[in-house]
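All remarks here apply to the structure that follows.
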Amino acid sequence: MKPRLFSIPVLSSGILALSASMVQAAPDKVVAVHRHALVIDAHADVYNPLEYPDQTTTIDAGSEVDIDKLRQGGVDAVFLSVHAPQEENDVGGREKERRVAEAKLAAIKDIAARHPDKAALAKTPADVRKIAASGRTAILISLLNGAPYSQDKNAVQYLYDQGVRMIGFVHMGNNELADSSRPFARQKTGENGGLSSLGKQWVADANRLGIVLDVSQLSTQSLMQTVALSKAPVIASHSGIRSVVDTSRNLTDQELDAVAKSGGAVCVVAFSAYLAKSLPPGTDIARITSLAQTFSNGYEGMTVEHRKEVYAELNRLMPRASVEQYIDNIDAAVKRIGVDHVCISSDFNHGVTGINGWRNEGEAPNVTAALLKRGYSSQDIDKLWGGNVLRVMAKVQALRAR
């Protein structure tokens with residue numbers, strides 16, 4: 001059992017407020033089940049340090065994933081993403097992306113370096129367990145969008161040496177590695193034919209080094225090729241379920257089956273736009289759609305101030321899904337591929353994030369409460385929260401050992 005304690009009174013906006021309506025069991029049962037699980041958030045972001053030059057504390061401070069919220073919510077480990085939004089497809093754009101990626105990589109490491117009593121970097125499942133047992137939070141590093149490193153022939157080795165243990169080739173926009181599920185308006189759908197030759201080499205390099213391949217954000221063709229080429233299980237670190245919400249960003253039944261067949265896992269993302277079947281009456285859909293179109297070519301041509309303004313308005317207008325709707329999506333995934341192949345992620349600190357009941361890491365026990373209410377056992381919850389992620393990670397790293 002984890003030694004770190006979280007206090008129910010501290011969670012006044014979370015588990016206490018919801019316990020009467022969400023769980024028939026006493027709140028102490030929720031706490032016991034949550035403590036027993038090795039809780040892992042498989043995907044969250046950090047702010048771009050280059051946009052906060054006067055930051056005097058670590059970049060997570062005050063954000064949805066800050067270290068105190070992680071501890072308050074009993075979150076044992078979190079994959080923090082080195083994500084640089086895609087820029088213009090030229091040398092200047094790639095250099096700008098690389099600066100952002102390197103700044104985020106340093107900032108993630110800095111969280112653990114400056115809070116050694118609360119957090120530590122992890123590279124293996126054994127590290128995660130050891131750090132959690134010490135009462136601290138394990139920080140793992142992932143990459144989302146390989147474009148900043150696509151010009152480096154030794155990129156995957158470099159990322160491994162920096163501590164990266166999960167790689168997602170794309171975000172929004174096709175790049176030199178693969179096609180995205182959301183190509184830019186200026187791009188052709190499927191222009192790489194799935195994975196490029198470079199992307200295929202990255203698959204082999206990741207397998208050789210023991211890095212988990214993250215298939216979230218890939219086009220269907222790219223995903224299926226990744227699964228076919230990989231000698232190890234893959235993870236979709238932050239994906240929704242297309243049978244619930246029909247958007248290209250969510251995974252089809254075919255894609256879910258492919259990930260599960262690889263021995264991998266799909267981490268259902270707590271991102272409102274990918275969870276709710278319909279928006280509440282009165283939602284200004286026209287304005288939300290218009291704002292979303294601002295990003296049809298990513299952040300190209302946008303100032304930081306303009307981007308922040310658009311996100312601020314989207315956050316004001318966009319209704320939040322509920323924890324119950326989130327569990328609906330977990331249910332759909334479990335029904336399709338089984339509880340051994342489903343996991344959990346937040347996507348905090350990226351765009352319009354957070355759902356009602358899980359707005360930051362401090363409210364993570366509410367997810368456990370909702371799972372219990374829905375009938376999941378303690379053993380199921382252990383698998384969903386962290387067991388499946390660690391199992392996949394261990395299998396990937398075992399391939400490196402061989």
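By convention here, the chains of the structure tokens are called A, B, ... in the order presented, each chain's residues are numbered starting at 1, and ligands are numbered starting at 1 in the order presented.
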
Practice item. Would you return as an MDAnalysis selection string the members of range 103-326 of chain A that DSSP assigns to helix (DSSP H, G or I) on this structure's backbone? Key: chainID A and resid 103:114 125:133 147:149 155:161 197:209 220:229 253:261 272:274 285:295 304:317 323:326

Review point. Looking only at the backbone, which of the residues in range 162-267 of chain A does DSSP tag as strand (DSSP E or B), as number ranges by chain?
Key: A: 164-168, 178, 180, 195, 212-214, 218, 235-239, 241, 251, 265-267

Practice item. Check the smallest atom-to-atom distance from each of A:Arg391, A:Lys118, A:His43, A:Arg136 to Met166 in chain A using only C-alpha atoms, then report the winner. Key: A:His43

Exercise for review: Fewer than 3 positions away in the same chain doesn't count, so skip those; otherwise give me all residues within 10 Å of range 292-304 of chain A, counting only C-alpha atoms, as a list in words.
Suggested key: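 The contact residues come out as Glu51, Pro85, Gln86, Glu87, Glu88, Asn89, Gly93, His171, Met172, Gly173, Arg182, Pro183, Phe184, Ala185, Arg186, Gln187, Ala286, Arg287, Ile288, Thr289, Arg307, Lys308, Glu309, Val310, Tyr311 and Leu314 of chain A.
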
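The spacing separating CA of Asp340 in chain A from CA of Pro125 in chain A amounts to 17.1 Å.
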
Check your understanding: A:Val339, A:Leu38, A:Val392, A:Ala364: which is nearest Ser377 in chain A, counting only C-alpha atoms?
Key -> A:Val339

**Study point:** All residues 7 Å or closer to range 60-70 of chain A, only C-alpha atoms, same chain fewer than 4 positions away omitted, as a PyMOL selection string
**Key:** chain A and resi 46+74-75+348-349+360-362

Revision key, fill the gap. Atom pair CA of Trp385 in chain A + CA of Ile40 in chain A, distance 5.6 Å

If we count only C-alpha atoms and set the cut-off at 10 Å, which residues sit around Leu195 in chain A, ignoring sequence neighbours fewer than 5 positions away in its own chain? Please answer as a PDB file with C-alpha atoms, in the first residue's frame.
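Below is the file part-v3.pdb, written as the result:
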```pdb
ATOM      1  CA  PHE A 169       5.061  10.679 -33.823  1.00  0.00           C
ATOM      2  CA  ASN A 174       1.213  15.530 -40.869  1.00  0.00           C
ATOM      3  CA  ASN A 175       4.984  15.634 -40.490  1.00  0.00           C
ATOM      4  CA  GLU A 176       8.129  13.899 -41.756  1.00  0.00           C
ATOM      5  CA  LEU A 177       7.329  10.782 -39.724  1.00  0.00           C
ATOM      6  CA  ALA A 178       3.660  10.048 -40.292  1.00  0.00           C
ATOM      7  CA  ASP A 179       0.178  11.204 -41.193  1.00  0.00           C
ATOM      8  CA  SER A 180      -1.972  12.716 -38.477  1.00  0.00           C
ATOM      9  CA  GLY A 190      -2.588  10.647 -46.168  1.00  0.00           C
ATOM     10  CA  LYS A 200       9.278   3.204 -39.951  1.00  0.00           C
ATOM     11  CA  GLN A 201      12.888   3.588 -38.857  1.00  0.00           C
ATOM     12  CA  TRP A 202      11.728   5.280 -35.645  1.00  0.00           C
ATOM     13  CA  VAL A 203       9.490   2.281 -34.932  1.00  0.00           C
ATOM     14  CA  LEU A 218      -2.041   8.985 -35.804  1.00  0.00           C
ATOM     15  CA  SER A 219      -4.197   8.476 -38.880  1.00  0.00           C
ATOM     16  CA  GLN A 221      -3.312   3.993 -41.788  1.00  0.00           C
ATOM     17  CA  SER A 222      -0.365   5.202 -39.683  1.00  0.00           C
ATOM     18  CA  LEU A 223      -1.676   3.448 -36.590  1.00  0.00           C
ATOM     19  CA  MET A 224      -2.248   0.139 -38.328  1.00  0.00           C
ATOM     20  CA  GLN A 225       1.218   0.250 -39.880  1.00  0.00           C
ATOM     21  CA  THR A 226       2.816   1.048 -36.512  1.00  0.00           C
TER      22      THR A 226
END
```

Point to revise | Residue contacts of Cys267 in chain A (9 Å, only C-alpha atoms) excluding same-chain residues fewer than 4 positions away, as number ranges by chain | key: A: 41-43, 235-240, 330, 341-345, 384, 389

Expected file contents, prior selection, N, CA, C and O atoms, as an mmCIF file, in the first residue's frame:
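Saved result, again_4.cif, follows:
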```
data_model
loop_
_atom_site.group_PDB
_atom_site.id
_atom_site.type_symbol
_atom_site.label_atom_id
_atom_site.label_comp_id
_atom_site.auth_asym_id
_atom_site.auth_seq_id
_atom_site.Cartn_x
_atom_site.Cartn_y
_atom_site.Cartn_z
ATOM 1 N N ASP A 41 -1.373 8.758 -14.481
ATOM 2 C CA ASP A 41 -1.973 9.558 -15.555
ATOM 3 C C ASP A 41 -1.041 9.419 -16.753
ATOM 4 O O ASP A 41 0.112 9.871 -16.725
ATOM 5 N N ALA A 42 -1.540 8.783 -17.819
ATOM 6 C CA ALA A 42 -0.666 8.410 -18.941
ATOM 7 C C ALA A 42 -0.329 9.556 -19.885
ATOM 8 O O ALA A 42 0.537 9.389 -20.755
ATOM 9 N N HIS A 43 -0.984 10.716 -19.737
ATOM 10 C CA HIS A 43 -0.629 11.824 -20.628
ATOM 11 C C HIS A 43 -1.122 13.161 -20.064
ATOM 12 O O HIS A 43 -2.317 13.371 -19.868
ATOM 13 N N ILE A 235 0.831 1.766 -27.054
ATOM 14 C CA ILE A 235 -0.148 2.453 -26.208
ATOM 15 C C ILE A 235 -0.756 3.610 -26.991
ATOM 16 O O ILE A 235 -0.054 4.291 -27.746
ATOM 17 N N ALA A 236 -2.054 3.809 -26.828
ATOM 18 C CA ALA A 236 -2.690 5.064 -27.231
ATOM 19 C C ALA A 236 -2.844 5.853 -25.936
ATOM 20 O O ALA A 236 -3.706 5.561 -25.115
ATOM 21 N N SER A 237 -1.982 6.828 -25.718
ATOM 22 C CA SER A 237 -1.869 7.446 -24.391
ATOM 23 C C SER A 237 -3.007 8.403 -24.060
ATOM 24 O O SER A 237 -3.257 8.675 -22.880
ATOM 25 N N HIS A 238 -3.690 8.914 -25.082
ATOM 26 C CA HIS A 238 -4.760 9.874 -24.803
ATOM 27 C C HIS A 238 -5.729 9.913 -25.985
ATOM 28 O O HIS A 238 -5.672 10.801 -26.820
ATOM 29 N N SER A 239 -6.613 8.935 -26.026
ATOM 30 C CA SER A 239 -7.555 8.802 -27.143
ATOM 31 C C SER A 239 -8.976 8.596 -26.642
ATOM 32 O O SER A 239 -9.185 8.078 -25.544
ATOM 33 N N GLY A 240 -9.932 8.999 -27.481
ATOM 34 C CA GLY A 240 -11.339 8.754 -27.213
ATOM 35 C C GLY A 240 -11.846 7.582 -28.032
ATOM 36 O O GLY A 240 -11.103 6.944 -28.780
ATOM 37 N N ILE A 330 -14.972 4.869 -20.948
ATOM 38 C CA ILE A 330 -14.179 3.746 -20.440
ATOM 39 C C ILE A 330 -14.967 2.458 -20.592
ATOM 40 O O ILE A 330 -14.437 1.421 -21.021
ATOM 41 N N HIS A 341 -6.852 -3.995 -21.334
ATOM 42 C CA HIS A 341 -6.280 -3.181 -22.412
ATOM 43 C C HIS A 341 -6.784 -1.736 -22.388
ATOM 44 O O HIS A 341 -6.735 -1.050 -23.418
ATOM 45 N N VAL A 342 -7.231 -1.281 -21.231
ATOM 46 C CA VAL A 342 -7.755 0.083 -21.102
ATOM 47 C C VAL A 342 -7.029 0.776 -19.952
ATOM 48 O O VAL A 342 -6.692 0.144 -18.948
ATOM 49 N N CYS A 343 -6.786 2.075 -20.114
ATOM 50 C CA CYS A 343 -6.101 2.853 -19.083
ATOM 51 C C CYS A 343 -6.650 4.279 -19.077
ATOM 52 O O CYS A 343 -7.627 4.574 -19.779
ATOM 53 N N ILE A 344 -6.035 5.147 -18.295
ATOM 54 C CA ILE A 344 -6.620 6.454 -17.979
ATOM 55 C C ILE A 344 -5.613 7.579 -18.243
ATOM 56 O O ILE A 344 -4.431 7.456 -17.909
ATOM 57 N N SER A 345 -6.092 8.680 -18.818
ATOM 58 C CA SER A 345 -5.238 9.863 -18.987
ATOM 59 C C SER A 345 -6.096 11.123 -18.966
ATOM 60 O O SER A 345 -7.290 11.091 -19.247
ATOM 61 N N LEU A 384 -6.843 -0.370 -14.589
ATOM 62 C CA LEU A 384 -7.178 0.832 -15.349
ATOM 63 C C LEU A 384 -6.271 2.002 -14.987
ATOM 64 O O LEU A 384 -5.815 2.749 -15.865
ATOM 65 N N VAL A 389 -0.650 0.109 -17.923
ATOM 66 C CA VAL A 389 0.438 0.932 -18.462
ATOM 67 C C VAL A 389 1.790 0.334 -18.084
ATOM 68 O O VAL A 389 2.693 0.202 -18.931
#
```

Review point. Separation of CA of Ala332 in chain A and CA of Ile381 in chain A, in Å?
Key: 15.5 Å

**Study point:** Residue among A:His306, A:Pro148, A:Asp28, A:Val39 lying closest to Asp382 in chain A, counting only C-alpha atoms
**Key:**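 Of all the options, A:Val39 lies closest to Asp382 in chain A.
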
Point to revise | Val244 in chain A environment, 10 Å, only C-alpha atoms, sequence neighbours closer than 5 positions dropped, as a PyMOL selection string | key: chain A and resi 250-252+274-277+328-329+332-333
